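What follows is a set of notes on a single structure, which appears directly below.
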Amino acid sequence: MLLRDMGAHLRPFFSRRLFDGGADAEDLVQETLIAIHAKRTTWDRNQPFTGWAYAIARHKLIDHLRRRGRRPTHPLDEASDLFADHTVEDGATRADLGRCLSLLPQRQRRLIEDVRLKGMTVAEAAERHGYSVTAAKVSIHRSMKSLTARFATAETAGNASDED
């Protein structure tokens, strides 16, 4: 299912970048999907999958163009597809957030991740985790209140020591 979905994203990616109107796009999609499958163990689960997969696609495109003897140039505004939507700071923030959320019981943590981080509605997350909508709202509220209290205390203690 993943490879099928990736194929749907890779076809336009290659078609926009090929000089021949995309006649070789399907071959490149297949080569990329094979490479993704073959190199799946190299993907770091702590990093975005799409950035890793598009890096493979980009290398397949470069290899294809080199075989053809062409060196394409594209305006930089079109290059945004080549870059992941994250920075090093995002990775550090994700790691910190993961440590904070690890203080919560797993069921509450997953509920907060779905609603606050993944953008699911409370109703969707409640159904997914076996809560009523009301119970999910209460759980999210209590979890956030608990985390806020814990880190507000830690921050206050840190600021007090900074003043000394």
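Chains: A, B, ... in order of the structure tokens. Residues: from 1 per chain. Ligands: from 1, in order shown.
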* **Ile36 of chain A environment, 9 Å, only C-alpha atoms, sequence neighbours closer than 2 positions dropped, as a ChimeraX atom specification** => /A:3,31-34,38-40,52-53,56-57
Serialized selection, all heavy atoms, as a JSON list (two decimals), in the first residue's frame:
[["chain", "number", "residue", "atom", "x", "y", "z"],
["A", 3, "LEU", "N", 3.95, 1.55, -1.18],
["A", 3, "LEU", "CA", 4.59, 1.72, -2.48],
["A", 3, "LEU", "C", 3.60, 2.26, -3.52],
["A", 3, "LEU", "O", 3.96, 3.09, -4.36],
["A", 3, "LEU", "CB", 5.21, 0.40, -2.94],
["A", 3, "LEU", "CG", 6.35, -0.12, -2.06],
["A", 3, "LEU", "CD1", 6.83, -1.48, -2.55],
["A", 3, "LEU", "CD2", 7.49, 0.87, -1.98],
["A", 31, "GLU", "N", 11.98, 2.24, -10.56],
["A", 31, "GLU", "CA", 13.34, 2.15, -10.02],
["A", 31, "GLU", "C", 13.38, 2.68, -8.58],
["A", 31, "GLU", "O", 14.03, 2.10, -7.71],
["A", 31, "GLU", "CB", 14.32, 2.96, -10.86],
["A", 31, "GLU", "CG", 14.73, 2.32, -12.16],
["A", 31, "GLU", "CD", 15.74, 3.20, -12.90],
["A", 31, "GLU", "OE1", 16.62, 3.79, -12.25],
["A", 31, "GLU", "OE2", 15.62, 3.28, -14.13],
["A", 32, "THR", "N", 12.70, 3.80, -8.35],
["A", 32, "THR", "CA", 12.69, 4.40, -7.03],
["A", 32, "THR", "C", 11.97, 3.51, -6.02],
["A", 32, "THR", "O", 12.44, 3.33, -4.90],
["A", 32, "THR", "CB", 12.03, 5.79, -7.08],
["A", 32, "THR", "OG1", 12.74, 6.59, -8.03],
["A", 32, "THR", "CG2", 12.05, 6.46, -5.72],
["A", 33, "LEU", "N", 10.83, 2.95, -6.42],
["A", 33, "LEU", "CA", 10.09, 2.08, -5.51],
["A", 33, "LEU", "C", 10.90, 0.83, -5.15],
["A", 33, "LEU", "O", 10.90, 0.39, -3.99],
["A", 33, "LEU", "CB", 8.74, 1.69, -6.12],
["A", 33, "LEU", "CG", 7.75, 2.83, -6.31],
["A", 33, "LEU", "CD1", 6.48, 2.33, -6.99],
["A", 33, "LEU", "CD2", 7.43, 3.51, -4.98],
["A", 34, "ILE", "N", 11.62, 0.31, -6.12],
["A", 34, "ILE", "CA", 12.49, -0.84, -5.84],
["A", 34, "ILE", "C", 13.59, -0.44, -4.87],
["A", 34, "ILE", "O", 13.90, -1.17, -3.92],
["A", 34, "ILE", "CB", 13.07, -1.41, -7.16],
["A", 34, "ILE", "CG1", 11.96, -2.10, -7.95],
["A", 34, "ILE", "CG2", 14.22, -2.38, -6.87],
["A", 34, "ILE", "CD1", 12.34, -2.45, -9.38],
["A", 38, "ALA", "N", 14.30, -1.92, -1.25],
["A", 38, "ALA", "CA", 15.59, -2.56, -0.99],
["A", 38, "ALA", "C", 16.35, -1.88, 0.15],
["A", 38, "ALA", "O", 17.05, -2.55, 0.91],
["A", 38, "ALA", "CB", 16.44, -2.56, -2.25],
["A", 39, "LYS", "N", 16.20, -0.58, 0.29],
["A", 39, "LYS", "CA", 16.95, 0.19, 1.29],
["A", 39, "LYS", "C", 16.10, 0.55, 2.52],
["A", 39, "LYS", "O", 16.51, 1.40, 3.31],
["A", 39, "LYS", "CB", 17.49, 1.48, 0.67],
["A", 39, "LYS", "CG", 18.42, 1.25, -0.49],
["A", 39, "LYS", "CD", 19.70, 0.61, -0.01],
["A", 39, "LYS", "CE", 20.68, 0.46, -1.16],
["A", 39, "LYS", "NZ", 21.89, -0.20, -0.76],
["A", 40, "ARG", "N", 14.96, -0.09, 2.69],
["A", 40, "ARG", "CA", 14.05, 0.29, 3.77],
["A", 40, "ARG", "C", 14.69, 0.19, 5.15],
["A", 40, "ARG", "O", 14.31, 0.90, 6.06],
["A", 40, "ARG", "CB", 12.77, -0.52, 3.71],
["A", 40, "ARG", "CG", 12.93, -2.00, 3.98],
["A", 40, "ARG", "CD", 11.64, -2.77, 3.73],
["A", 40, "ARG", "NE", 11.79, -4.18, 4.00],
["A", 40, "ARG", "CZ", 12.28, -5.07, 3.15],
["A", 40, "ARG", "NH1", 12.65, -4.68, 1.95],
["A", 40, "ARG", "NH2", 12.41, -6.33, 3.50],
["A", 52, "TRP", "N", 13.39, 11.09, 3.33],
["A", 52, "TRP", "CA", 14.25, 9.97, 2.97],
["A", 52, "TRP", "C", 13.87, 9.42, 1.59],
["A", 52, "TRP", "O", 14.72, 9.20, 0.73],
["A", 52, "TRP", "CB", 14.14, 8.89, 4.05],
["A", 52, "TRP", "CG", 14.87, 7.63, 3.77],
["A", 52, "TRP", "CD1", 16.20, 7.39, 3.94],
["A", 52, "TRP", "CD2", 14.30, 6.40, 3.27],
["A", 52, "TRP", "NE1", 16.49, 6.09, 3.59],
["A", 52, "TRP", "CE2", 15.34, 5.47, 3.17],
["A", 52, "TRP", "CE3", 13.02, 6.01, 2.92],
["A", 52, "TRP", "CZ2", 15.13, 4.17, 2.73],
["A", 52, "TRP", "CZ3", 12.81, 4.73, 2.47],
["A", 52, "TRP", "CH2", 13.87, 3.82, 2.38],
["A", 53, "ALA", "N", 12.58, 9.23, 1.37],
["A", 53, "ALA", "CA", 12.11, 8.66, 0.10],
["A", 53, "ALA", "C", 12.39, 9.60, -1.07],
["A", 53, "ALA", "O", 12.83, 9.16, -2.14],
["A", 53, "ALA", "CB", 10.61, 8.35, 0.19],
["A", 56, "ILE", "N", 15.98, 9.51, -2.21],
["A", 56, "ILE", "CA", 16.22, 8.38, -3.11],
["A", 56, "ILE", "C", 15.72, 8.73, -4.51],
["A", 56, "ILE", "O", 16.41, 8.50, -5.51],
["A", 56, "ILE", "CB", 15.54, 7.10, -2.58],
["A", 56, "ILE", "CG1", 16.25, 6.63, -1.30],
["A", 56, "ILE", "CG2", 15.54, 5.99, -3.64],
["A", 56, "ILE", "CD1", 15.57, 5.48, -0.59],
["A", 57, "ALA", "N", 14.53, 9.31, -4.59],
["A", 57, "ALA", "CA", 13.97, 9.69, -5.90],
["A", 57, "ALA", "C", 14.87, 10.70, -6.61],
["A", 57, "ALA", "O", 15.11, 10.60, -7.82],
["A", 57, "ALA", "CB", 12.57, 10.27, -5.71]]
* Considering only C-alpha atoms, return as a PyMOL selection string whatever protein or nucleic-acid residues lie within 8 Å of Ala136 of chain A, sequence-local ones (same chain, fewer than 5 positions apart) excluded. => chain A and resi 111+122+125-126+131
* Asked: Which residues come within 12 Å of Arg116 of chain A, counting only C-alpha atoms, excluding same-chain residues fewer than 5 positions away, as a list in words?
  ->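 Contacts, in chain order: Leu97, Leu101, Gln108, Arg109, Arg110, Leu111, Thr121, Val122, Ala125, Lys137, Ile140, His141, Ser143 and Met144 of chain A.
We find atom CA of Pro105 of chain A and atom CA of Glu127 of chain A to be spaced 18.1 Å apart.
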* Asked: For His59 of chain A, which residue out of A:Arg142, A:His37, A:Asn46, A:Leu28 is the nearest one, using only C-alpha atoms?
  ->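 Between A:Arg142, A:His37, A:Asn46, A:Leu28, the residue approaching His59 of chain A most closely is A:Leu28.
Proximity of A:Met120, A:Arg128, A:Leu18, A:Val138 to Arg68 of chain A, computed with only C-alpha atoms, is greatest for A:Leu18.
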